[in-house]
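Take a look at the structure below.
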Amino acid sequence: MTRIRRCAGGVLRRWGEVCFMEQFSYTLQNYRPFGLSHPVEMTVSEGITFILGPNNVGKSALLRAFVELKNVIEPAAKRDNRKYDAQISTSFETLVCRSNPTSSFSVAVANDTAKWTVSFTSRAGIHSNAVGVHMDVRGDNVTPESRFRAMSLFTNALYVPAFRSPTVNAQGDIYGMHIGQQFVAQWDEWANGKRISDAEKVSALVEELRVLFGFSRFEITVAKDGSQLLVRTDEGRFSLSELGDGLSHYIIVLGNAMIAAPDWILIDEPEIGLHPKMQEAFVRVLASKARYGLIATSHSVGLARSVADRVLMMTKDASGARRLEPFGKHLNPTIAQSISEMGYSQFAELGANHLLLVEGRTDIKAFREILRKFNLEQHFLIWSLNGSDWIKAPPEKIADELAELKRLGAASVSIVFDSERTDSSMDMSEAVRPFHDLCASLGFNVFATDRHSTENYITQEALDKLCPGTVALGEFEIFGASGKKWEKSKNWLLFREMGRPDIEGTGLGQFITGTLSRLALQ
């Protein structure tokens, strides 16, 4: 008999299976700006996704759908109700597309084997909150587990709207996110209640904030009358409302994420109120609080390209149709152009005047976590080399693009890439040796991993915490050679769980302490 276990977030999984989220597509039709003849489709998988686009194109409406329809879709996700009546959060006319106000609106969720279509019809006129819900399920292998997983964006997501510090003094909640007195009361319950595990989570978050903001001392307490949070830093004690937008923003949003423990975090414009260098750190820390991933809307191309696993662009054509396409689909900038676009000069002014190029997009966040353990993260701007195919291209095709990096004026350029070693007797695969030699000839600091790839440094202890049942790779084992291990978008979270000693004794650790640390002191 197949045994079933329950992972965090309530998702059922079989013993021995790896805890990862398969890819799903979500289609909204006749909902808000997404008309009956112009639905919008978004594909979702684990990791960080950014949606760029101009104002009033529908980015926020797309995210809000997962919160506004939560209560009426959740019964179908949990109990397989095919037809039932429900009350939506607002009137039908508010949610339905204004072009077709008397028609139903729908959400379709699909994976490789099944499709769930949930439609909503007004029950008592478009001014009413009453709707009839009908779920149509088609496909193979439709199980309660697959249905719940498919609906996880509706059943367990935290939505963070665009807001600033006034929420410190506001009351109630915004789309289910605690603010003001409600947030203070929830924090008090977690920090000072009976459950030791809750208090430990609060302590871990406070320490995370201390390190992020560079304080020697950082404490958060609740005032005796329970009316507000008090923050003590190196500079004294302050009420939360006295602090700048950035710090109060961090505490409120990350506190809510800690309390909610969501599968997904949805956030509008995470860059609001934060310095460019803190924006990336905020998104990364916030994403670490979600089981599966974070989806953000933004106007910052630089932030998106520096932290996201995938970047999408929402556009609207003359007919009103909205489309989501990969950002830069029709544009292939060079590495130097991408770094310039990201705002390298801003980072250089703040001390990050060294470049570290890593192999793929998932390696950007992974190496930020690795460098953070050596207190070097702030000195390096980390960017991607566009993957192994680019690295293995003929040297004459990439030489000019690599040489172009010198024009950025960085204090140094360092490169780390997968050696693809299959045993200890070789220093790197012959397929990547020409790339190594080309980089060395340009005067770059080059390190080909002393293990097969970045994934081979991840420890069993880290996997046991985030991906129970998954076995760590051997030093020269090829990722995926013996079946699916984990999503590479989780690499940075796994490195986040590791300590400095886990890296220090490796060749990578020696490159960091012997080369990158020396560069940071220059």
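Numbering starts fresh at 1 for the residues of each chain in the structure tokens, the chains themselves are lettered A, B, ... in the order given, and ligands are numbered from 1 as they appear.
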Every residue of stretch 237-374 of chain A that DSSP places in strand (DSSP E), as a PyMOL selection string: chain A and resi 237-239+264-268+293-298+310-316+322-326+354-358
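Using only C-alpha atoms, the shortest contact distance between A:His299 and any of A:Glu369, A:Asp245, A:Glu396, A:Glu271 is found at A:Glu271.
Nearest to A:His249 of all the residues A:Glu22, A:Val96, A:Glu235, A:Ala162 is A:Ala162, counting only C-alpha atoms.
Interatomic distance, atom CA of A:His178 to atom CA of A:Ala204: 19.8 Å.
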Need the shell around A:Val202: protein/DNA/RNA residues with any atom at most 8 Å away, counting only C-alpha atoms. Skip same-chain ones fewer than 4 positions apart. Format as a ChimeraX atom specification? /A:190-191,198,206,258
Let's have the selection written as a PDB file, in the first residue's frame, with N, CA, C and O atoms.
ATOM      1  N   TRP A 190       3.024  35.507  18.915  1.00  0.00           N
ATOM      2  CA  TRP A 190       4.107  34.638  18.466  1.00  0.00           C
ATOM      3  C   TRP A 190       5.350  34.786  19.344  1.00  0.00           C
ATOM      4  O   TRP A 190       5.978  33.793  19.700  1.00  0.00           O
ATOM      5  N   ALA A 191       5.705  36.006  19.671  1.00  0.00           N
ATOM      6  CA  ALA A 191       6.948  36.241  20.406  1.00  0.00           C
ATOM      7  C   ALA A 191       6.840  35.870  21.881  1.00  0.00           C
ATOM      8  O   ALA A 191       7.814  35.397  22.488  1.00  0.00           O
ATOM      9  N   ASP A 198       7.183  29.082  17.891  1.00  0.00           N
ATOM     10  CA  ASP A 198       6.819  30.395  17.346  1.00  0.00           C
ATOM     11  C   ASP A 198       7.816  31.459  17.793  1.00  0.00           C
ATOM     12  O   ASP A 198       8.219  32.313  17.005  1.00  0.00           O
ATOM     13  N   VAL A 206      14.253  38.353  13.652  1.00  0.00           N
ATOM     14  CA  VAL A 206      14.905  39.542  14.216  1.00  0.00           C
ATOM     15  C   VAL A 206      16.401  39.515  13.918  1.00  0.00           C
ATOM     16  O   VAL A 206      17.001  40.530  13.552  1.00  0.00           O
ATOM     17  N   MET A 258       6.263  35.448   7.890  1.00  0.00           N
ATOM     18  CA  MET A 258       6.626  34.471   8.918  1.00  0.00           C
ATOM     19  C   MET A 258       5.376  33.872   9.556  1.00  0.00           C
ATOM     20  O   MET A 258       5.275  32.666   9.763  1.00  0.00           O
TER      21      MET A 258
END
Hey, what's within 12 Å of A:His436 if we count only C-alpha atoms and toss same-chain stuff fewer than 2 positions away? As a PDB file with N, CA and C atoms, in the first residue's frame, please?
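The file below, part_11.pdb, is the result:
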ATOM      1  N   ILE A 391      28.886  29.040 -22.505  1.00  0.00           N
ATOM      2  CA  ILE A 391      30.265  28.783 -22.078  1.00  0.00           C
ATOM      3  C   ILE A 391      30.969  27.827 -23.041  1.00  0.00           C
ATOM      4  N   LYS A 392      30.215  26.895 -23.607  1.00  0.00           N
ATOM      5  CA  LYS A 392      30.816  25.900 -24.497  1.00  0.00           C
ATOM      6  C   LYS A 392      30.849  26.352 -25.959  1.00  0.00           C
ATOM      7  N   ALA A 393      30.420  27.578 -26.223  1.00  0.00           N
ATOM      8  CA  ALA A 393      30.470  28.096 -27.589  1.00  0.00           C
ATOM      9  C   ALA A 393      31.920  28.269 -28.029  1.00  0.00           C
ATOM     10  N   PRO A 394      32.204  28.245 -29.337  1.00  0.00           N
ATOM     11  CA  PRO A 394      33.567  28.470 -29.819  1.00  0.00           C
ATOM     12  C   PRO A 394      34.111  29.797 -29.280  1.00  0.00           C
ATOM     13  N   PRO A 395      35.345  29.829 -28.797  1.00  0.00           N
ATOM     14  CA  PRO A 395      35.903  31.044 -28.195  1.00  0.00           C
ATOM     15  C   PRO A 395      35.799  32.273 -29.089  1.00  0.00           C
ATOM     16  N   ALA A 399      34.486  35.863 -27.540  1.00  0.00           N
ATOM     17  CA  ALA A 399      35.660  36.621 -27.082  1.00  0.00           C
ATOM     18  C   ALA A 399      35.363  38.113 -26.988  1.00  0.00           C
ATOM     19  N   LEU A 402      33.092  38.924 -23.962  1.00  0.00           N
ATOM     20  CA  LEU A 402      33.809  38.887 -22.693  1.00  0.00           C
ATOM     21  C   LEU A 402      34.741  40.086 -22.544  1.00  0.00           C
ATOM     22  N   SER A 414      35.780  38.422 -11.856  1.00  0.00           N
ATOM     23  CA  SER A 414      36.025  37.029 -11.479  1.00  0.00           C
ATOM     24  C   SER A 414      34.938  36.154 -12.084  1.00  0.00           C
ATOM     25  N   ILE A 415      35.290  34.916 -12.399  1.00  0.00           N
ATOM     26  CA  ILE A 415      34.350  34.011 -13.063  1.00  0.00           C
ATOM     27  C   ILE A 415      34.397  32.649 -12.387  1.00  0.00           C
ATOM     28  N   VAL A 416      33.216  32.147 -12.022  1.00  0.00           N
ATOM     29  CA  VAL A 416      33.074  30.795 -11.478  1.00  0.00           C
ATOM     30  C   VAL A 416      32.120  30.031 -12.382  1.00  0.00           C
ATOM     31  N   PHE A 417      32.514  28.854 -12.815  1.00  0.00           N
ATOM     32  CA  PHE A 417      31.632  28.052 -13.670  1.00  0.00           C
ATOM     33  C   PHE A 417      31.833  26.573 -13.359  1.00  0.00           C
ATOM     34  N   ASP A 418      30.898  25.749 -13.804  1.00  0.00           N
ATOM     35  CA  ASP A 418      30.947  24.309 -13.541  1.00  0.00           C
ATOM     36  C   ASP A 418      32.060  23.655 -14.347  1.00  0.00           C
ATOM     37  N   SER A 419      32.919  22.930 -13.653  1.00  0.00           N
ATOM     38  CA  SER A 419      34.022  22.236 -14.338  1.00  0.00           C
ATOM     39  C   SER A 419      33.543  20.996 -15.072  1.00  0.00           C
ATOM     40  N   ASP A 427      40.802  18.079 -14.051  1.00  0.00           N
ATOM     41  CA  ASP A 427      40.555  19.400 -13.459  1.00  0.00           C
ATOM     42  C   ASP A 427      39.314  20.064 -14.047  1.00  0.00           C
ATOM     43  N   MET A 428      38.944  19.689 -15.268  1.00  0.00           N
ATOM     44  CA  MET A 428      37.715  20.188 -15.875  1.00  0.00           C
ATOM     45  C   MET A 428      37.435  19.424 -17.158  1.00  0.00           C
ATOM     46  N   SER A 429      36.202  19.487 -17.610  1.00  0.00           N
ATOM     47  CA  SER A 429      35.818  18.859 -18.870  1.00  0.00           C
ATOM     48  C   SER A 429      36.516  19.568 -20.028  1.00  0.00           C
ATOM     49  N   GLU A 430      36.883  18.813 -21.046  1.00  0.00           N
ATOM     50  CA  GLU A 430      37.511  19.414 -22.225  1.00  0.00           C
ATOM     51  C   GLU A 430      36.561  20.371 -22.937  1.00  0.00           C
ATOM     52  N   ALA A 431      35.267  20.201 -22.722  1.00  0.00           N
ATOM     53  CA  ALA A 431      34.285  21.070 -23.383  1.00  0.00           C
ATOM     54  C   ALA A 431      34.325  22.497 -22.848  1.00  0.00           C
ATOM     55  N   VAL A 432      34.794  22.674 -21.599  1.00  0.00           N
ATOM     56  CA  VAL A 432      34.817  24.017 -21.010  1.00  0.00           C
ATOM     57  C   VAL A 432      36.233  24.587 -20.903  1.00  0.00           C
ATOM     58  N   ARG A 433      37.251  23.814 -21.262  1.00  0.00           N
ATOM     59  CA  ARG A 433      38.626  24.296 -21.131  1.00  0.00           C
ATOM     60  C   ARG A 433      38.911  25.520 -22.012  1.00  0.00           C
ATOM     61  N   PRO A 434      38.437  25.564 -23.271  1.00  0.00           N
ATOM     62  CA  PRO A 434      38.686  26.771 -24.077  1.00  0.00           C
ATOM     63  C   PRO A 434      38.120  28.039 -23.431  1.00  0.00           C
ATOM     64  N   LEU A 438      40.337  31.294 -22.331  1.00  0.00           N
ATOM     65  CA  LEU A 438      39.994  32.608 -22.869  1.00  0.00           C
ATOM     66  C   LEU A 438      39.856  33.626 -21.735  1.00  0.00           C
ATOM     67  N   CYS A 439      39.150  33.253 -20.666  1.00  0.00           N
ATOM     68  CA  CYS A 439      38.969  34.164 -19.536  1.00  0.00           C
ATOM     69  C   CYS A 439      40.304  34.495 -18.872  1.00  0.00           C
ATOM     70  N   ALA A 440      41.146  33.491 -18.739  1.00  0.00           N
ATOM     71  CA  ALA A 440      42.463  33.722 -18.141  1.00  0.00           C
ATOM     72  C   ALA A 440      43.294  34.671 -18.990  1.00  0.00           C
ATOM     73  N   SER A 441      43.194  34.536 -20.323  1.00  0.00           N
ATOM     74  CA  SER A 441      43.961  35.416 -21.219  1.00  0.00           C
ATOM     75  C   SER A 441      43.495  36.860 -21.137  1.00  0.00           C
ATOM     76  N   LEU A 442      42.250  37.078 -20.702  1.00  0.00           N
ATOM     77  CA  LEU A 442      41.713  38.435 -20.554  1.00  0.00           C
ATOM     78  C   LEU A 442      42.049  39.040 -19.194  1.00  0.00           C
ATOM     79  N   GLY A 443      42.728  38.274 -18.362  1.00  0.00           N
ATOM     80  CA  GLY A 443      43.141  38.784 -17.053  1.00  0.00           C
ATOM     81  C   GLY A 443      42.092  38.616 -15.976  1.00  0.00           C
ATOM     82  N   PHE A 444      41.071  37.792 -16.210  1.00  0.00           N
ATOM     83  CA  PHE A 444      40.032  37.577 -15.210  1.00  0.00           C
ATOM     84  C   PHE A 444      40.497  36.536 -14.194  1.00  0.00           C
ATOM     85  N   ASN A 445      39.923  36.601 -12.997  1.00  0.00           N
ATOM     86  CA  ASN A 445      40.167  35.577 -11.983  1.00  0.00           C
ATOM     87  C   ASN A 445      39.194  34.427 -12.258  1.00  0.00           C
ATOM     88  N   VAL A 446      39.711  33.256 -12.600  1.00  0.00           N
ATOM     89  CA  VAL A 446      38.866  32.172 -13.088  1.00  0.00           C
ATOM     90  C   VAL A 446      38.921  30.986 -12.139  1.00  0.00           C
ATOM     91  N   PHE A 447      37.737  30.432 -11.823  1.00  0.00           N
ATOM     92  CA  PHE A 447      37.671  29.219 -11.008  1.00  0.00           C
ATOM     93  C   PHE A 447      36.678  28.252 -11.626  1.00  0.00           C
ATOM     94  N   ALA A 448      37.178  27.081 -12.028  1.00  0.00           N
ATOM     95  CA  ALA A 448      36.320  25.980 -12.455  1.00  0.00           C
ATOM     96  C   ALA A 448      36.101  25.101 -11.237  1.00  0.00           C
ATOM     97  N   THR A 449      34.854  24.833 -10.883  1.00  0.00           N
ATOM     98  CA  THR A 449      34.527  24.166  -9.630  1.00  0.00           C
ATOM     99  C   THR A 449      35.344  22.892  -9.426  1.00  0.00           C
TER     100      THR A 449
END
Residue nearest A:Val57 - candidates A:Val40, A:Val184, A:Val222, A:Cys467, atoms counted: only C-alpha atoms: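 Of the candidates, the smallest distance to A:Val57 is held by A:Val40.
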For atom CA of A:Glu487 and atom CA of A:Pro276, determine how far apart the two atoms are, in Å to one decimal place.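 Value for the atom CA of A:Glu487-atom CA of A:Pro276 distance: 28.3 Å.
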Nearest candidate to A:Lys224 (options A:Glu455, A:Glu200, A:Asp85, A:Asp188; using only C-alpha atoms):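 Ranked by minimum distance to A:Lys224, first place goes to A:Asp188.
Using only C-alpha atoms, the nearest neighbour of A:Phe238 within the list A:Lys406, A:Glu280, A:Lys365, A:Glu219 is A:Glu219.
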Selection: 10 Å around A:Gln522, only C-alpha atoms, excl. self and same-chain fewer than 5 positions, as a PyMOL selection string: chain A and resi 411-412+517
Which of stretch 78-121 of chain A fall in helix (DSSP H, G or I), as a ChimeraX atom specification: /A:78-79,92-95
Counting only C-alpha atoms, figure out which residue out of A:Glu145, A:Asp309, A:Asp225, A:Glu504 gets nearest to A:Ser45. A:Asp309
So the first atom is atom CA of A:Glu41 and the second is atom CA of A:Asp140; what is the distance between them in Å, to one decimal place?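 Separating atom CA of A:Glu41 from atom CA of A:Asp140 is a distance of 21.7 Å.
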Residues at most 10 Å from A:Gly35, counting only C-alpha atoms, excluding those fewer than 6 positions away in the same chain, as a list of chain:residue names? A:Leu28, A:Gln29, A:Val96, A:Cys97, A:Arg98, A:Ser99, A:Asn100, A:Pro101, A:Phe105, A:Gly320, A:Ala321, A:Arg322
So that I have them on file, write out the residues from the current selection with N, CA, C and O atoms, as a PDB file, in the first residue's frame.
ATOM      1  N   LEU A  28      -7.060  33.554 -16.907  1.00  0.00           N
ATOM      2  CA  LEU A  28      -8.184  34.348 -16.427  1.00  0.00           C
ATOM      3  C   LEU A  28      -8.964  34.861 -17.631  1.00  0.00           C
ATOM      4  O   LEU A  28      -8.380  35.454 -18.545  1.00  0.00           O
ATOM      5  N   GLN A  29     -10.276  34.645 -17.614  1.00  0.00           N
ATOM      6  CA  GLN A  29     -11.122  35.065 -18.739  1.00  0.00           C
ATOM      7  C   GLN A  29     -12.337  35.838 -18.220  1.00  0.00           C
ATOM      8  O   GLN A  29     -13.033  35.387 -17.312  1.00  0.00           O
ATOM      9  N   VAL A  96     -16.100  41.242 -12.682  1.00  0.00           N
ATOM     10  CA  VAL A  96     -16.299  40.852 -14.069  1.00  0.00           C
ATOM     11  C   VAL A  96     -15.800  41.957 -14.998  1.00  0.00           C
ATOM     12  O   VAL A  96     -15.807  43.144 -14.644  1.00  0.00           O
ATOM     13  N   CYS A  97     -15.315  41.566 -16.176  1.00  0.00           N
ATOM     14  CA  CYS A  97     -14.833  42.554 -17.155  1.00  0.00           C
ATOM     15  C   CYS A  97     -15.976  43.475 -17.574  1.00  0.00           C
ATOM     16  O   CYS A  97     -17.079  43.014 -17.884  1.00  0.00           O
ATOM     17  N   ARG A  98     -15.722  44.761 -17.576  1.00  0.00           N
ATOM     18  CA  ARG A  98     -16.776  45.738 -17.874  1.00  0.00           C
ATOM     19  C   ARG A  98     -17.303  45.612 -19.297  1.00  0.00           C
ATOM     20  O   ARG A  98     -18.401  46.072 -19.612  1.00  0.00           O
ATOM     21  N   SER A  99     -16.552  45.010 -20.179  1.00  0.00           N
ATOM     22  CA  SER A  99     -16.990  44.859 -21.569  1.00  0.00           C
ATOM     23  C   SER A  99     -18.081  43.802 -21.710  1.00  0.00           C
ATOM     24  O   SER A  99     -18.859  43.831 -22.668  1.00  0.00           O
ATOM     25  N   ASN A 100     -18.105  42.834 -20.769  1.00  0.00           N
ATOM     26  CA  ASN A 100     -19.106  41.753 -20.830  1.00  0.00           C
ATOM     27  C   ASN A 100     -19.646  41.499 -19.420  1.00  0.00           C
ATOM     28  O   ASN A 100     -19.445  40.418 -18.847  1.00  0.00           O
ATOM     29  N   PRO A 101     -20.327  42.467 -18.832  1.00  0.00           N
ATOM     30  CA  PRO A 101     -20.713  42.383 -17.411  1.00  0.00           C
ATOM     31  C   PRO A 101     -21.753  41.325 -17.086  1.00  0.00           C
ATOM     32  O   PRO A 101     -21.889  40.944 -15.920  1.00  0.00           O
ATOM     33  N   PHE A 105     -17.303  34.871 -15.439  1.00  0.00           N
ATOM     34  CA  PHE A 105     -15.850  34.922 -15.581  1.00  0.00           C
ATOM     35  C   PHE A 105     -15.285  33.616 -15.050  1.00  0.00           C
ATOM     36  O   PHE A 105     -15.942  32.895 -14.287  1.00  0.00           O
ATOM     37  N   GLY A 320      -6.963  45.661 -26.893  1.00  0.00           N
ATOM     38  CA  GLY A 320      -7.163  45.501 -25.457  1.00  0.00           C
ATOM     39  C   GLY A 320      -6.677  44.177 -24.919  1.00  0.00           C
ATOM     40  O   GLY A 320      -6.743  43.921 -23.712  1.00  0.00           O
ATOM     41  N   ALA A 321      -6.171  43.292 -25.769  1.00  0.00           N
ATOM     42  CA  ALA A 321      -5.684  41.985 -25.327  1.00  0.00           C
ATOM     43  C   ALA A 321      -4.385  42.140 -24.548  1.00  0.00           C
ATOM     44  O   ALA A 321      -3.482  42.872 -24.955  1.00  0.00           O
ATOM     45  N   ARG A 322      -4.315  41.440 -23.409  1.00  0.00           N
ATOM     46  CA  ARG A 322      -3.089  41.425 -22.605  1.00  0.00           C
ATOM     47  C   ARG A 322      -2.319  40.145 -22.879  1.00  0.00           C
ATOM     48  O   ARG A 322      -2.914  39.071 -23.010  1.00  0.00           O
TER      49      ARG A 322
END
Do you know which residues are at most 10 Å from A:Leu376 counting only C-alpha atoms, after dropping those on the same chain fewer than 2 positions away, and could you put them as a short mmCIF file (atom, residue, chain, number, x, y, z; two decimals) with all heavy atoms, in the first residue's frame?
data_model
loop_
_atom_site.label_atom_id
_atom_site.label_comp_id
_atom_site.auth_asym_id
_atom_site.auth_seq_id
_atom_site.Cartn_x
_atom_site.Cartn_y
_atom_site.Cartn_z
N ALA A 352 30.13 47.95 -4.28
CA ALA A 352 30.10 46.68 -5.03
C ALA A 352 30.79 46.90 -6.37
O ALA A 352 30.16 46.80 -7.42
CB ALA A 352 28.67 46.20 -5.21
N ARG A 368 25.09 34.64 -4.09
CA ARG A 368 24.88 35.71 -3.10
C ARG A 368 24.82 35.11 -1.70
O ARG A 368 25.35 35.67 -0.74
CB ARG A 368 23.60 36.48 -3.42
CG ARG A 368 23.75 37.42 -4.59
CD ARG A 368 22.71 38.53 -4.55
NE ARG A 368 22.89 39.40 -5.71
CZ ARG A 368 22.16 39.35 -6.81
NH1 ARG A 368 21.19 38.48 -6.90
NH2 ARG A 368 22.39 40.17 -7.81
N GLU A 369 24.14 33.97 -1.59
CA GLU A 369 24.06 33.31 -0.28
C GLU A 369 25.42 32.78 0.15
O GLU A 369 25.77 32.86 1.33
CB GLU A 369 23.04 32.16 -0.34
CG GLU A 369 21.60 32.61 -0.51
CD GLU A 369 21.12 33.48 0.63
OE1 GLU A 369 21.62 33.32 1.78
OE2 GLU A 369 20.24 34.32 0.40
N ILE A 370 26.19 32.26 -0.79
CA ILE A 370 27.52 31.75 -0.45
C ILE A 370 28.43 32.88 0.00
O ILE A 370 29.09 32.79 1.05
CB ILE A 370 28.13 31.00 -1.66
CG1 ILE A 370 27.34 29.72 -1.95
CG2 ILE A 370 29.60 30.67 -1.41
CD1 ILE A 370 27.71 29.03 -3.24
N LEU A 371 28.46 33.98 -0.75
CA LEU A 371 29.32 35.11 -0.37
C LEU A 371 28.88 35.75 0.93
O LEU A 371 29.71 36.28 1.68
CB LEU A 371 29.34 36.16 -1.48
CG LEU A 371 30.00 35.77 -2.80
CD1 LEU A 371 30.16 37.00 -3.69
CD2 LEU A 371 31.36 35.12 -2.58
N ARG A 372 27.57 35.71 1.21
CA ARG A 372 27.07 36.28 2.46
C ARG A 372 27.69 35.59 3.67
O ARG A 372 27.92 36.22 4.71
CB ARG A 372 25.54 36.18 2.50
CG ARG A 372 24.88 36.93 3.64
CD ARG A 372 23.39 37.08 3.40
NE ARG A 372 22.71 35.80 3.37
CZ ARG A 372 22.19 35.20 4.46
NH1 ARG A 372 22.28 35.78 5.63
NH2 ARG A 372 21.57 34.06 4.35
N LYS A 373 27.98 34.31 3.56
CA LYS A 373 28.57 33.57 4.66
C LYS A 373 30.00 34.02 4.94
O LYS A 373 30.52 33.82 6.04
CB LYS A 373 28.55 32.07 4.35
CG LYS A 373 27.15 31.54 4.10
CD LYS A 373 27.13 30.09 3.74
CE LYS A 373 25.75 29.67 3.23
NZ LYS A 373 24.65 30.08 4.08
N PHE A 374 30.63 34.63 3.94
CA PHE A 374 32.00 35.12 4.09
C PHE A 374 32.03 36.65 4.25
O PHE A 374 33.10 37.25 4.16
CB PHE A 374 32.84 34.70 2.89
CG PHE A 374 33.04 33.21 2.77
CD1 PHE A 374 32.07 32.40 2.19
CD2 PHE A 374 34.19 32.61 3.26
CE1 PHE A 374 32.24 31.03 2.09
CE2 PHE A 374 34.37 31.23 3.16
CZ PHE A 374 33.39 30.43 2.58
N GLN A 378 28.40 42.27 -0.22
CA GLN A 378 28.24 43.69 -0.55
C GLN A 378 29.32 44.20 -1.49
O GLN A 378 29.19 45.30 -2.05
CB GLN A 378 28.23 44.53 0.74
CG GLN A 378 29.58 44.57 1.47
CD GLN A 378 29.76 43.41 2.45
OE1 GLN A 378 29.14 42.36 2.30
NE2 GLN A 378 30.60 43.61 3.44
N HIS A 379 30.37 43.44 -1.71
CA HIS A 379 31.48 43.90 -2.55
C HIS A 379 31.37 43.46 -4.01
O HIS A 379 32.13 43.95 -4.85
CB HIS A 379 32.81 43.38 -1.98
CG HIS A 379 33.13 43.89 -0.63
ND1 HIS A 379 33.52 45.20 -0.39
CD2 HIS A 379 33.10 43.28 0.59
CE1 HIS A 379 33.73 45.36 0.90
NE2 HIS A 379 33.49 44.22 1.52
N PHE A 380 30.43 42.55 -4.31
CA PHE A 380 30.39 41.97 -5.65
C PHE A 380 29.01 42.12 -6.28
O PHE A 380 27.99 41.86 -5.65
CB PHE A 380 30.75 40.48 -5.60
CG PHE A 380 32.20 40.23 -5.29
CD1 PHE A 380 32.62 40.16 -3.97
CD2 PHE A 380 33.12 40.08 -6.31
CE1 PHE A 380 33.96 39.94 -3.66
CE2 PHE A 380 34.46 39.86 -6.02
CZ PHE A 380 34.88 39.79 -4.69
N ILE A 512 37.25 31.58 -2.64
CA ILE A 512 36.60 32.72 -2.01
C ILE A 512 37.53 33.39 -1.00
O ILE A 512 37.69 34.61 -1.01
CB ILE A 512 35.29 32.27 -1.33
CG1 ILE A 512 34.27 31.83 -2.39
CG2 ILE A 512 34.70 33.39 -0.47
CD1 ILE A 512 33.03 31.17 -1.82
N THR A 513 38.13 32.59 -0.12
CA THR A 513 38.98 33.18 0.92
C THR A 513 40.32 33.67 0.37
O THR A 513 40.88 34.65 0.85
CB THR A 513 39.23 32.17 2.05
OG1 THR A 513 39.80 30.96 1.50
CG2 THR A 513 37.93 31.82 2.75
N LEU A 516 38.69 36.12 -3.73
CA LEU A 516 37.63 37.12 -3.61
C LEU A 516 37.78 37.98 -2.36
O LEU A 516 37.54 39.19 -2.40
CB LEU A 516 36.26 36.43 -3.63
CG LEU A 516 35.93 35.61 -4.89
CD1 LEU A 516 34.48 35.13 -4.84
CD2 LEU A 516 36.18 36.41 -6.16
N SER A 517 38.20 37.37 -1.25
CA SER A 517 38.41 38.15 -0.03
C SER A 517 39.53 39.17 -0.22
O SER A 517 39.44 40.32 0.24
CB SER A 517 38.77 37.23 1.14
OG SER A 517 37.68 36.40 1.49
N LEU A 519 40.42 40.55 -3.07
CA LEU A 519 39.91 41.60 -3.95
C LEU A 519 39.04 42.59 -3.18
O LEU A 519 39.09 43.81 -3.43
CB LEU A 519 39.11 40.98 -5.09
CG LEU A 519 39.89 40.13 -6.09
CD1 LEU A 519 38.94 39.40 -7.02
CD2 LEU A 519 40.85 40.99 -6.90
N ALA A 520 38.23 42.10 -2.26
CA ALA A 520 37.32 42.97 -1.51
C ALA A 520 38.06 43.97 -0.64
O ALA A 520 37.53 45.04 -0.32
CB ALA A 520 36.39 42.12 -0.64
N LEU A 521 39.29 43.64 -0.28
CA LEU A 521 40.07 44.54 0.57
C LEU A 521 40.79 45.62 -0.22
O LEU A 521 41.31 46.58 0.35
CB LEU A 521 41.12 43.72 1.36
CG LEU A 521 40.55 42.74 2.39
CD1 LEU A 521 41.67 41.90 2.99
CD2 LEU A 521 39.81 43.50 3.48
#
